[in-house]
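See structure below.
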Amino acid sequence: MANEKTFIMVKPDGVQRNLIGEIVTRFEKKGFQLVGAKLMSVSKELAEEHYGEHKERPFFGELVDFITSSPVFAMVWEGPGVIATARQMMGTTNPSEAAPGTIRGDYGISVGMNIIHGSDSAESAEREMGLWFTDQDLTSYDKTLSKWI
Ligand code: RTP
Ligand code: MG
């Protein structure tokens, strides 16, 4: 499977509910590698750009208000097939329908406050990593443990 990178963000509700550690732990234990991370407040411009594909949707204003309401924890994770696997680990968009064992399925009930974002394709991952991180923000390193995964 191809080595990939993806953009993952703990949304304001996840930060407020002290779920950063739990979410990082799940990705670490799965075997993926953290290559960049920052806790940050999000500008309206960045939120609108990030969710640009939804700008005609009725929930767009609420979505931008929510993402800018309180800090997020933005991350880049690396590993074989990480883009699709991260989406599986997150669960479906509506946490009420998300499978138990997924992050949204275990911790959420509201579609608006669904705890985590993850890029939905290779193209989205490239676009979003470029929006949220500079090349200098990201690192690359070998873990001796990698041969065990
Ligand atoms: P995300 O982009 O945040 O990772 O979520 P997603 O791919 O699972 O879902 P997407 O279709 O991209 O929707 C982006 C976010 O918009 C909110 N939403 N609200 N009220 C609604 O019907 C509705 N539908 C979507 C959700 O918070 C979703 O995460
Ligand atoms: Mg999406």
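All residue names refer to the structure tokens as shown: chains lettered A, B, ... in order, residues numbered from 1 in each chain, ligands numbered from 1 in order.
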
Could you list, as number ranges by chain, every residue within 10 Å of Pro71 in chain A, counting only C-alpha atoms and ignoring same-chain residues fewer than 5 positions away?
A: 10-16, 38-42

Quick one: contact table of range 19-49 of chain A to range 73-97 of chain A, 9 Å max, nearest atom pair and distance in Å to one decimal per residue, counting only C-alpha atoms, chain and number order, as CSV?
residue,atom,partner,partner_atom,distance
A:Ile20,CA,A:Phe73,CA,7.3
A:Arg26,CA,A:Met89,CA,8.5
A:Phe27,CA,A:Ala86,CA,8.0
A:Gly31,CA,A:Gly79,CA,7.7
A:Phe32,CA,A:Gly79,CA,5.2
A:Gln33,CA,A:Glu78,CA,5.1
A:Leu34,CA,A:Trp77,CA,4.7
A:Val35,CA,A:Val76,CA,5.7
A:Gly36,CA,A:Val76,CA,5.1
A:Ala37,CA,A:Met75,CA,4.2
A:Lys38,CA,A:Ala74,CA,5.4
A:Leu39,CA,A:Phe73,CA,4.4
A:Met40,CA,A:Phe73,CA,6.4
A:Ser41,CA,A:Phe73,CA,8.9

Write the residues you've just listed into a file as a PDB file, in the first residue's frame, and include N, CA, C and O atoms for each of them.
ATOM      1  N   ILE A  20      -8.136  15.352  22.594  1.00  0.00           N
ATOM      2  CA  ILE A  20      -6.914  15.384  21.765  1.00  0.00           C
ATOM      3  C   ILE A  20      -6.067  14.131  22.029  1.00  0.00           C
ATOM      4  O   ILE A  20      -5.666  13.435  21.093  1.00  0.00           O
ATOM      5  N   ARG A  26      -5.165   6.911  19.391  1.00  0.00           N
ATOM      6  CA  ARG A  26      -5.724   5.937  18.439  1.00  0.00           C
ATOM      7  C   ARG A  26      -4.886   5.844  17.173  1.00  0.00           C
ATOM      8  O   ARG A  26      -4.638   4.760  16.655  1.00  0.00           O
ATOM      9  N   PHE A  27      -4.467   7.005  16.657  1.00  0.00           N
ATOM     10  CA  PHE A  27      -3.662   6.996  15.428  1.00  0.00           C
ATOM     11  C   PHE A  27      -2.272   6.410  15.684  1.00  0.00           C
ATOM     12  O   PHE A  27      -1.736   5.671  14.856  1.00  0.00           O
ATOM     13  N   GLY A  31      -0.595   2.589  14.265  1.00  0.00           N
ATOM     14  CA  GLY A  31       0.697   2.396  13.594  1.00  0.00           C
ATOM     15  C   GLY A  31       1.090   3.559  12.707  1.00  0.00           C
ATOM     16  O   GLY A  31       2.128   3.526  12.060  1.00  0.00           O
ATOM     17  N   PHE A  32       0.235   4.601  12.666  1.00  0.00           N
ATOM     18  CA  PHE A  32       0.578   5.763  11.843  1.00  0.00           C
ATOM     19  C   PHE A  32       1.560   6.671  12.584  1.00  0.00           C
ATOM     20  O   PHE A  32       1.724   6.580  13.803  1.00  0.00           O
ATOM     21  N   GLN A  33       2.193   7.552  11.818  1.00  0.00           N
ATOM     22  CA  GLN A  33       3.242   8.402  12.365  1.00  0.00           C
ATOM     23  C   GLN A  33       2.863   9.875  12.247  1.00  0.00           C
ATOM     24  O   GLN A  33       2.480  10.343  11.169  1.00  0.00           O
ATOM     25  N   LEU A  34       2.985  10.582  13.371  1.00  0.00           N
ATOM     26  CA  LEU A  34       2.686  12.016  13.398  1.00  0.00           C
ATOM     27  C   LEU A  34       3.855  12.774  12.785  1.00  0.00           C
ATOM     28  O   LEU A  34       5.001  12.615  13.226  1.00  0.00           O
ATOM     29  N   VAL A  35       3.586  13.625  11.789  1.00  0.00           N
ATOM     30  CA  VAL A  35       4.680  14.386  11.173  1.00  0.00           C
ATOM     31  C   VAL A  35       4.501  15.895  11.313  1.00  0.00           C
ATOM     32  O   VAL A  35       5.369  16.669  10.924  1.00  0.00           O
ATOM     33  N   GLY A  36       3.373  16.329  11.899  1.00  0.00           N
ATOM     34  CA  GLY A  36       3.171  17.753  12.152  1.00  0.00           C
ATOM     35  C   GLY A  36       1.936  17.951  13.001  1.00  0.00           C
ATOM     36  O   GLY A  36       0.987  17.163  12.894  1.00  0.00           O
ATOM     37  N   ALA A  37       1.947  18.963  13.872  1.00  0.00           N
ATOM     38  CA  ALA A  37       0.779  19.222  14.719  1.00  0.00           C
ATOM     39  C   ALA A  37       0.837  20.619  15.303  1.00  0.00           C
ATOM     40  O   ALA A  37       1.926  21.125  15.603  1.00  0.00           O
ATOM     41  N   LYS A  38      -0.321  21.244  15.451  1.00  0.00           N
ATOM     42  CA  LYS A  38      -0.383  22.540  16.157  1.00  0.00           C
ATOM     43  C   LYS A  38      -1.798  22.819  16.658  1.00  0.00           C
ATOM     44  O   LYS A  38      -2.787  22.515  15.987  1.00  0.00           O
ATOM     45  N   LEU A  39      -1.830  23.413  17.867  1.00  0.00           N
ATOM     46  CA  LEU A  39      -3.091  23.910  18.416  1.00  0.00           C
ATOM     47  C   LEU A  39      -3.235  25.337  17.928  1.00  0.00           C
ATOM     48  O   LEU A  39      -2.308  26.137  18.097  1.00  0.00           O
ATOM     49  N   MET A  40      -4.374  25.660  17.316  1.00  0.00           N
ATOM     50  CA  MET A  40      -4.482  27.001  16.731  1.00  0.00           C
ATOM     51  C   MET A  40      -5.909  27.500  16.653  1.00  0.00           C
ATOM     52  O   MET A  40      -6.856  26.721  16.565  1.00  0.00           O
ATOM     53  N   SER A  41      -6.051  28.823  16.700  1.00  0.00           N
ATOM     54  CA  SER A  41      -7.331  29.458  16.409  1.00  0.00           C
ATOM     55  C   SER A  41      -7.430  29.585  14.897  1.00  0.00           C
ATOM     56  O   SER A  41      -6.420  29.790  14.227  1.00  0.00           O
TER      57      SER A  41
END

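Inside chain A, the residues DSSP reads as strand (DSSP E) when given the backbone are A:Asn3, A:Glu4, A:Lys5, A:Thr6, A:Phe7, A:Ile8, A:Met9, A:Val10, A:Gln33, A:Leu34, A:Val35, A:Gly36, A:Ala37, A:Lys38, A:Leu39, A:Met40, A:Val72, A:Phe73, A:Ala74, A:Met75, A:Val76, A:Trp77, A:Glu78, A:Gly79, A:Pro80, A:Ile116, A:His117, A:Gly118.
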
Please identify all protein, DNA and RNA residues within 9 Å of ligand 1, counting only C-alpha atoms and all ligand atoms, and report them as a short mmCIF file (atom, residue, chain, number, x, y, z; two decimals) with N, CA and C atoms, in the first residue's frame.
data_model
loop_
_atom_site.label_atom_id
_atom_site.label_comp_id
_atom_site.auth_asym_id
_atom_site.auth_seq_id
_atom_site.Cartn_x
_atom_site.Cartn_y
_atom_site.Cartn_z
N ILE A 8 -5.55 15.78 9.41
CA ILE A 8 -6.53 15.41 10.43
C ILE A 8 -6.65 16.58 11.40
N MET A 9 -7.87 16.90 11.82
CA MET A 9 -8.06 18.03 12.74
C MET A 9 -9.05 17.63 13.83
N LYS A 11 -11.65 18.96 16.02
CA LYS A 11 -12.49 20.17 15.93
C LYS A 11 -12.67 20.79 17.31
N HIS A 50 -11.03 26.17 3.66
CA HIS A 50 -10.98 24.74 3.97
C HIS A 50 -12.27 24.04 3.56
N TYR A 51 -13.41 24.63 3.92
CA TYR A 51 -14.71 24.02 3.63
C TYR A 51 -15.36 24.60 2.36
N GLU A 53 -15.79 23.61 -0.58
CA GLU A 53 -16.68 22.74 -1.38
C GLU A 53 -18.13 22.80 -0.89
N HIS A 54 -18.33 23.27 0.35
CA HIS A 54 -19.69 23.30 0.93
C HIS A 54 -20.30 24.70 0.93
N ARG A 57 -23.99 25.17 0.58
CA ARG A 57 -24.87 24.34 1.43
C ARG A 57 -25.48 25.20 2.54
N PRO A 58 -26.70 24.83 3.00
CA PRO A 58 -27.37 25.66 4.01
C PRO A 58 -26.62 25.73 5.34
N PHE A 59 -25.79 24.72 5.63
CA PHE A 59 -25.10 24.68 6.93
C PHE A 59 -23.73 25.38 6.89
N PHE A 60 -23.37 25.98 5.74
CA PHE A 60 -22.01 26.53 5.60
C PHE A 60 -21.67 27.58 6.66
N GLU A 62 -22.99 28.09 9.64
CA GLU A 62 -22.87 27.45 10.96
C GLU A 62 -21.54 26.69 11.09
N LEU A 63 -21.16 26.02 10.00
CA LEU A 63 -19.93 25.23 10.00
C LEU A 63 -18.71 26.15 10.21
N PHE A 66 -18.68 27.50 13.74
CA PHE A 66 -18.25 26.46 14.69
C PHE A 66 -16.73 26.27 14.67
N ARG A 87 -10.31 7.83 7.61
CA ARG A 87 -11.76 8.06 7.46
C ARG A 87 -12.55 6.93 8.11
N MET A 90 -12.49 7.45 11.82
CA MET A 90 -13.36 8.56 12.24
C MET A 90 -14.82 8.14 12.31
N GLY A 91 -15.27 7.31 11.36
CA GLY A 91 -16.69 6.96 11.26
C GLY A 91 -17.44 7.94 10.38
N THR A 92 -18.71 7.63 10.11
CA THR A 92 -19.50 8.45 9.18
C THR A 92 -19.75 9.85 9.74
N THR A 93 -20.10 10.77 8.82
CA THR A 93 -20.26 12.19 9.17
C THR A 93 -21.20 12.41 10.35
N ASN A 94 -22.35 11.71 10.33
CA ASN A 94 -23.32 11.85 11.43
C ASN A 94 -22.98 10.86 12.55
N SER A 110 -23.89 14.65 17.52
CA SER A 110 -24.36 15.79 16.72
C SER A 110 -23.58 15.89 15.41
N VAL A 111 -24.31 16.05 14.29
CA VAL A 111 -23.63 16.13 12.98
C VAL A 111 -22.80 17.41 12.88
N GLY A 112 -23.23 18.45 13.54
CA GLY A 112 -22.50 19.71 13.52
C GLY A 112 -21.23 19.63 14.35
N MET A 113 -21.34 18.98 15.51
CA MET A 113 -20.17 18.81 16.38
C MET A 113 -19.75 17.34 16.32
N ASN A 114 -18.99 17.04 15.29
CA ASN A 114 -18.63 15.62 15.09
C ASN A 114 -17.13 15.36 15.31
N ILE A 115 -16.51 16.20 16.13
CA ILE A 115 -15.23 15.93 16.79
C ILE A 115 -13.98 16.00 15.93
N ILE A 116 -14.04 15.45 14.73
CA ILE A 116 -12.80 15.28 13.96
C ILE A 116 -13.05 15.51 12.48
N HIS A 117 -12.03 16.03 11.82
CA HIS A 117 -12.03 16.14 10.36
C HIS A 117 -10.88 15.31 9.81
N GLY A 118 -11.10 14.69 8.66
CA GLY A 118 -10.01 14.01 7.95
C GLY A 118 -10.19 14.19 6.45
N SER A 119 -9.09 14.38 5.73
CA SER A 119 -9.16 14.55 4.28
C SER A 119 -9.86 13.33 3.64
N ASP A 120 -10.68 13.60 2.61
CA ASP A 120 -11.47 12.50 2.02
C ASP A 120 -10.86 11.90 0.76
#

What are the DSSP helix (DSSP H, G or I) residues of range 8-137 of chain A, as a VMD selection string?
chain A and resid 12 to 16 20 to 30 44 to 50 52 to 54 60 to 67 82 to 90 103 to 107 122 to 132 135 to 137

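Distances to ligand 2 were evaluated for A:Ser140, A:Thr134, A:Ser121, A:Ser69 using only C-alpha atoms and all ligand atoms, and the minimum falls at A:Ser121.
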
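Minimum atom-to-atom distance to ligand 2, evaluated using only C-alpha atoms and all ligand atoms, belongs to A:Glu128 out of A:Asp142, A:Glu128, A:Asp65, A:Glu28.
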
CA of Tyr107 in chain A to CA of Ser70 in chain A measures 18.6 Å

Worksheet item: When distances are computed from only C-alpha atoms and all ligand atoms, which of A:Ser124, A:Glu4, A:Leu19, A:Trp132 shows the smallest separation from ligand 2?
Response: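 The closest residue to ligand 2 is A:Ser124.
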
Leu131 in chain A: which residues within 10 Å, counting only C-alpha atoms, same-chain residues fewer than 3 positions away excluded, as a list of chain:residue names? A:Phe7, A:Leu46, A:Ala47, A:Glu49, A:His50, A:Ala125, A:Glu126, A:Arg127, A:Glu128, A:Thr134

Using only C-alpha atoms and all ligand atoms, which residue out of A:Pro100, A:Gly52, A:Ala2, A:Thr25 lies closest to ligand 2?
->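 Distance minimum relative to ligand 2 lands on A:Gly52.
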